file input02.csv (CSV, C-alpha atoms and all ligand atoms)
chain,number,residue,atom,x,y,z
I,1,MET,CA,100.4,2.1,42.3
I,2,GLU,CA,102.0,5.0,40.6
I,3,ILE,CA,104.6,5.0,37.8
I,4,ARG,CA,106.6,8.2,37.4
I,5,PRO,CA,110.0,9.4,36.4
I,6,TYR,CA,112.9,9.2,38.9
I,7,ARG,CA,113.2,11.9,41.5
I,8,GLU,CA,116.4,12.7,43.4
I,9,SER,CA,114.8,11.6,46.7
I,10,ASP,CA,114.5,8.0,45.3
I,11,GLU,CA,118.2,7.3,45.2
I,12,GLU,CA,118.6,5.5,48.5
I,13,ALA,CA,115.4,3.4,48.1
I,14,ILE,CA,116.4,2.4,44.5
I,15,SER,CA,120.0,1.6,45.5
I,16,GLY,CA,118.6,-0.6,48.2
I,17,LEU,CA,116.1,-2.3,45.9
I,18,TRP,CA,118.8,-3.1,43.3
I,19,ARG,CA,121.2,-4.5,45.9
I,20,GLU,CA,118.3,-6.7,47.1
I,21,VAL,CA,117.1,-7.8,43.7
I,22,PHE,CA,120.5,-8.1,42.0
I,23,PRO,CA,122.7,-9.6,44.7
I,24,ASP,CA,125.1,-11.1,42.1
I,25,ALA,CA,125.6,-7.9,40.1
I,26,PRO,CA,129.2,-7.5,39.0
I,27,SER,CA,131.3,-5.2,41.1
I,28,TRP,CA,131.3,-2.4,38.5
I,29,ASN,CA,127.5,-2.1,38.7
I,30,VAL,CA,127.4,0.4,41.6
I,31,PRO,CA,123.8,1.6,41.9
I,32,GLU,CA,124.6,5.2,42.8
I,33,ASP,CA,126.9,5.4,39.7
I,34,ASP,CA,124.3,3.8,37.5
I,35,ILE,CA,121.7,6.4,38.6
I,36,ARG,CA,124.1,9.3,38.2
I,37,ARG,CA,125.0,8.3,34.7
I,38,LYS,CA,121.3,7.8,33.7
I,39,LEU,CA,120.3,11.3,35.0
I,40,ALA,CA,122.6,12.8,32.3
I,41,ILE,CA,120.9,11.0,29.4
I,42,GLN,CA,117.1,10.6,28.8
I,43,ARG,CA,116.3,10.7,32.5
I,44,ASN,CA,112.6,10.8,31.7
I,45,LEU,CA,112.9,7.1,30.7
I,46,PHE,CA,114.1,6.2,34.1
I,47,LEU,CA,110.9,5.0,35.7
I,48,VAL,CA,109.9,4.2,39.2
I,49,ALA,CA,106.9,2.3,40.5
I,50,CYS,CA,105.6,3.5,43.9
I,51,ALA,CA,103.0,1.9,46.2
I,52,ASP,CA,101.9,3.6,49.4
I,53,GLY,CA,104.6,6.1,48.8
I,54,ARG,CA,107.3,3.5,48.7
I,55,VAL,CA,109.5,2.6,45.8
I,56,VAL,CA,108.6,-1.0,44.7
I,57,GLY,CA,110.0,-1.2,41.1
I,58,THR,CA,112.2,0.4,38.5
I,59,ALA,CA,112.9,0.3,34.7
I,60,MET,CA,115.6,2.2,32.9
I,61,GLY,CA,114.9,2.8,29.2
I,62,GLY,CA,116.9,4.5,26.5
I,63,TYR,CA,116.8,5.1,22.7
I,64,ASP,CA,120.1,5.3,20.7
I,65,GLY,CA,118.4,6.4,17.5
I,66,HIS,CA,118.1,2.8,16.1
I,67,ARG,CA,117.0,0.6,19.0
I,68,GLY,CA,115.5,1.1,22.4
I,69,TRP,CA,116.9,-0.7,25.4
I,70,VAL,CA,115.7,-1.4,28.9
I,71,HIS,CA,117.8,-2.3,31.9
I,72,LEU,CA,117.4,-2.7,35.6
I,73,VAL,CA,113.8,-3.9,35.5
I,74,ALA,CA,113.3,-4.8,39.1
I,75,VAL,CA,110.3,-5.3,41.3
I,76,SER,CA,110.5,-5.7,45.1
I,77,PRO,CA,109.9,-9.3,46.1
I,78,SER,CA,107.0,-8.1,48.3
I,79,HIS,CA,105.2,-6.7,45.3
I,80,ARG,CA,105.7,-9.3,42.6
I,81,ARG,CA,103.0,-10.9,40.5
I,82,LEU,CA,100.8,-7.9,40.9
I,83,GLY,CA,101.4,-6.4,37.5
I,84,VAL,CA,104.1,-3.9,38.5
I,85,GLY,CA,106.7,-5.2,36.1
I,86,ALA,CA,104.2,-5.4,33.2
I,87,ALA,CA,103.1,-1.8,33.9
I,88,LEU,CA,106.7,-0.5,34.0
I,89,MET,CA,107.4,-2.2,30.7
I,90,GLN,CA,104.3,-0.8,29.1
I,91,ARG,CA,105.3,2.7,30.1
I,92,ILE,CA,108.8,2.2,28.8
I,93,GLU,CA,107.4,0.9,25.5
I,94,GLU,CA,105.1,3.9,25.2
I,95,GLY,CA,107.9,6.3,26.0
I,96,LEU,CA,110.2,4.8,23.4
I,97,ALA,CA,107.4,4.6,20.8
I,98,ALA,CA,106.7,8.3,21.3
I,99,LEU,CA,110.3,9.0,20.3
I,100,GLY,CA,109.8,7.0,17.1
I,101,CYS,CA,111.8,4.0,18.3
I,102,PRO,CA,110.9,0.9,16.2
I,103,LYS,CA,112.2,-1.9,18.4
I,104,LEU,CA,113.0,-2.6,22.0
I,105,ASN,CA,115.9,-4.9,22.9
I,106,LEU,CA,116.8,-6.3,26.3
I,107,GLN,CA,119.3,-8.8,27.7
I,108,VAL,CA,118.6,-11.5,30.3
I,109,ARG,CA,121.2,-13.9,31.7
I,110,CYS,CA,120.7,-17.4,30.3
I,111,SER,CA,120.3,-18.8,33.8
I,112,ASN,CA,117.4,-16.4,34.6
I,113,GLU,CA,114.6,-18.6,33.2
I,114,GLU,CA,111.8,-17.0,35.3
I,115,VAL,CA,112.6,-13.6,33.9
I,116,VAL,CA,112.5,-15.0,30.3
I,117,ALA,CA,109.0,-16.3,31.1
I,118,PHE,CA,108.0,-12.8,32.3
I,119,TYR,CA,109.2,-11.2,29.1
I,120,GLU,CA,107.7,-13.9,26.9
I,121,ARG,CA,104.4,-13.2,28.6
I,122,LEU,CA,104.7,-9.6,27.5
I,123,GLY,CA,105.3,-10.5,23.8
I,124,TYR,CA,109.2,-10.6,23.7
I,125,VAL,CA,110.9,-13.4,21.8
I,126,ILE,CA,114.3,-14.9,22.1
I,127,GLU,CA,116.4,-13.9,19.1
I,128,ASP,CA,119.3,-15.7,17.5
I,129,ARG,CA,122.0,-13.4,18.5
I,130,VAL,CA,125.3,-13.5,20.5
I,131,SER,CA,125.4,-10.8,23.1
I,132,MET,CA,128.9,-9.1,23.1
I,133,GLY,CA,130.2,-6.2,25.2
I,134,LYS,CA,133.4,-4.3,26.0
I,135,ARG,CA,134.0,-2.1,28.9
I,136,LEU,CA,135.2,1.4,28.1
I,137,GLY,CA,137.1,4.2,29.8
I,138,PRO,CA,138.6,3.9,33.3
I,139,ASP,CA,136.6,0.7,34.0
I,140,ALA,CA,138.0,-1.2,31.1
I,141,ARG,CA,140.6,-3.1,33.1
I,142,ARG,CA,138.4,-4.0,36.0
I,201,LIG,C1,110.9,-10.2,36.4
I,201,LIG,C2,110.1,-9.2,37.4
I,201,LIG,C3,110.5,-7.8,37.0
I,201,LIG,C4,108.6,-9.4,37.1
I,201,LIG,O1,107.9,-8.4,37.9
I,201,LIG,P1,106.4,-8.7,38.4
I,201,LIG,O2,105.9,-7.3,38.8
I,201,LIG,O3,106.3,-9.8,39.4
I,201,LIG,O4,105.7,-9.2,37.0
I,201,LIG,P2,104.1,-9.0,36.7
I,201,LIG,O5,103.3,-9.2,37.9
I,201,LIG,O6,103.9,-7.7,36.0
I,201,LIG,O7,103.9,-10.2,35.7
I,201,LIG,C5,103.6,-10.0,34.3
I,201,LIG,C6,103.4,-11.4,33.7
I,201,LIG,O8,104.6,-12.1,33.7
I,201,LIG,C7,104.3,-13.3,34.5
I,201,LIG,N1,105.5,-13.6,35.4
I,201,LIG,C8,106.0,-12.7,36.3
I,201,LIG,N2,107.0,-13.3,36.9
I,201,LIG,C9,107.1,-14.6,36.4
I,201,LIG,C10,107.9,-15.7,36.8
I,201,LIG,N3,108.9,-15.6,37.7
I,201,LIG,N4,107.7,-16.8,36.1
I,201,LIG,C11,106.8,-16.9,35.1
I,201,LIG,N5,106.0,-15.9,34.8
I,201,LIG,C12,106.1,-14.7,35.4
I,201,LIG,C13,103.1,-13.1,35.3
I,201,LIG,O9,102.5,-14.2,35.6
I,201,LIG,C14,102.3,-12.1,34.5
I,201,LIG,O10,101.6,-12.9,33.6
I,201,LIG,P3,99.9,-12.8,33.6
I,201,LIG,O11,99.6,-11.4,33.0
I,201,LIG,O12,99.5,-13.9,32.7
I,201,LIG,O13,99.6,-12.9,35.0
I,201,LIG,C15,110.5,-9.5,38.8
I,201,LIG,O14,110.2,-10.9,39.1
I,201,LIG,C16,111.9,-9.2,39.2
I,201,LIG,O15,112.2,-8.1,39.6
I,201,LIG,N6,112.8,-10.2,39.1
I,201,LIG,C17,114.2,-10.0,39.5
I,201,LIG,C18,114.9,-9.0,38.8
I,201,LIG,C19,115.3,-9.4,37.4
I,201,LIG,O16,115.9,-10.4,37.2
I,201,LIG,N7,115.0,-8.5,36.4
I,201,LIG,C20,115.2,-8.7,35.1
I,201,LIG,C21,116.5,-8.2,34.7
I,201,LIG,S1,116.7,-8.4,32.9
call {"tool": "encode", "arguments": {"input": "input02.csv", "output": "structure tokens"}}
result
Amino acid sequence: MEIRPYRESDEEAISGLWREVFPDAPSWNVPEDDIRRKLAIQRNLFLVACADGRVVGTAMGGYDGHRGWVHLVAVSPSHRRLGVGAALMQRIEEGLAALGCPKLNLQVRCSNEEVVAFYERLGYVIEDRVSMGKRLGPDARR
């Protein structure tokens, strides 16, 4: 298994992976758009796991100067429980630490208990926060 930054040739495979792994994603999460936006900002923290030349996992990291964030951590169902997700997260943590980032945050839907267990296994703790958000720009009214 290899973990490397995103390459343009990954787009179709990654879009397919996300549509499979996140079937309930909101309509505004269009994989091709998410990829395009990420390529403009810290694209080296957009990581892809490959096995036998095939995309089997992703993690999209970023640092805003105060906190690091990770999104779209996804492993193909055919390659779960093999350490792929943990390896992706380790590489994201290393990349953020190299930028001087002191803390990594992430969001998980409350209903996604299995994923909470995964992150807890990696040392993440549930924090007493309310997660808030607001859509910006042309998407704001969607
Ligand atoms: C969560 C996910 C990324 C885990 O990927 P993975 O490659 O299977 O995880 P790993 O094999 O690296 O597991 C790392 C540790 O977490 C544990 N773990 C993984 N999945 C788990 C689960 N569903 N329930 C409990 N523990 C789990 C593993 O047992 C392992 O612990 P160990 O070191 O003691 O064996 C994967 O299940 C996934 O893509 N889920 C759907 C997408 C999703 O919801 N992503 C999160 C968005 S916030």
call {"tool": "residues_near_ligand", "arguments": {"input": "input02.csv", "ligand": "ligand LIG 201 (chain I)", "cutoff": "9 Å", "atoms": "all atoms listed in the file", "output": "JSON, numbers by chain"}}
result
{"I": [18, 21, 22, 57, 58, 59, 70, 71, 72, 73, 74, 75, 76, 77, 79, 80, 81, 82, 83, 84, 85, 86, 87, 88, 89, 106, 107, 108, 109, 112, 113, 114, 115, 116, 117, 118, 119, 120, 121, 122]}
call {"tool": "atom_distance", "arguments": {"input": "input02.csv", "atom1": "CA of Phe46 in chain I", "atom2": "CA of Met60 in chain I"}}
result
4.4 Å
call {"tool": "residues_around", "arguments": {"input": "input02.csv", "residues": "Ala13 in chain I", "least_positions_apart": "3", "cutoff": "12 Å", "atoms": "only C-alpha atoms", "output": "compact mmCIF listing (two decimals) with C-alpha atoms, in the frame of the given file"}}
result
# COMPACT_ATOMS: atom_id res chain seq x y z
CA TYR I 6 112.90 9.20 38.90
CA ARG I 7 113.20 11.90 41.50
CA GLU I 8 116.40 12.70 43.40
CA SER I 9 114.80 11.60 46.70
CA ASP I 10 114.50 8.00 45.30
CA GLY I 16 118.60 -0.60 48.20
CA LEU I 17 116.10 -2.30 45.90
CA TRP I 18 118.80 -3.10 43.30
CA ARG I 19 121.20 -4.50 45.90
CA GLU I 20 118.30 -6.70 47.10
CA PRO I 31 123.80 1.60 41.90
CA GLU I 32 124.60 5.20 42.80
CA ILE I 35 121.70 6.40 38.60
CA VAL I 48 109.90 4.20 39.20
CA ALA I 49 106.90 2.30 40.50
CA CYS I 50 105.60 3.50 43.90
CA GLY I 53 104.60 6.10 48.80
CA ARG I 54 107.30 3.50 48.70
CA VAL I 55 109.50 2.60 45.80
CA VAL I 56 108.60 -1.00 44.70
CA GLY I 57 110.00 -1.20 41.10
CA THR I 58 112.20 0.40 38.50
CA SER I 76 110.50 -5.70 45.10
call {"tool": "atom_distance", "arguments": {"input": "input02.csv", "atom1": "CA of Lys38 in chain I", "atom2": "CA of Tyr124 in chain I"}}
result
24.2 Å
call {"tool": "atom_distance", "arguments": {"input": "input02.csv", "atom1": "CA of Leu104 in chain I", "atom2": "CA of Ser78 in chain I"}}
result
27.5 Å
call {"tool": "closest_residue", "arguments": {"input": "input02.csv", "among": "I:Met1, I:Ala40, I:Ala25, I:Val30", "to": "Asp52 in chain I", "atoms": "only C-alpha atoms"}}
result
I:Met1
call {"tool": "closest_residue", "arguments": {"input": "input02.csv", "among": "I:Asn44, I:Glu2, I:Asn105, I:Trp28", "to": "Pro138 in chain I", "atoms": "only C-alpha atoms"}}
result
I:Trp28
call {"tool": "residues_around", "arguments": {"input": "input02.csv", "residues": "Cys101 in chain I", "least_positions_apart": "2", "cutoff": "7 Å", "atoms": "only C-alpha atoms", "output": "ChimeraX atom specification"}}
result
/I:63,66-68,96-97,99,103
call {"tool": "closest_residue", "arguments": {"input": "input02.csv", "among": "I:Arg37, I:Trp69, I:Gly95, I:Gly123", "to": "Arg4 in chain I", "atoms": "all atoms listed in the file"}}
result
I:Gly95
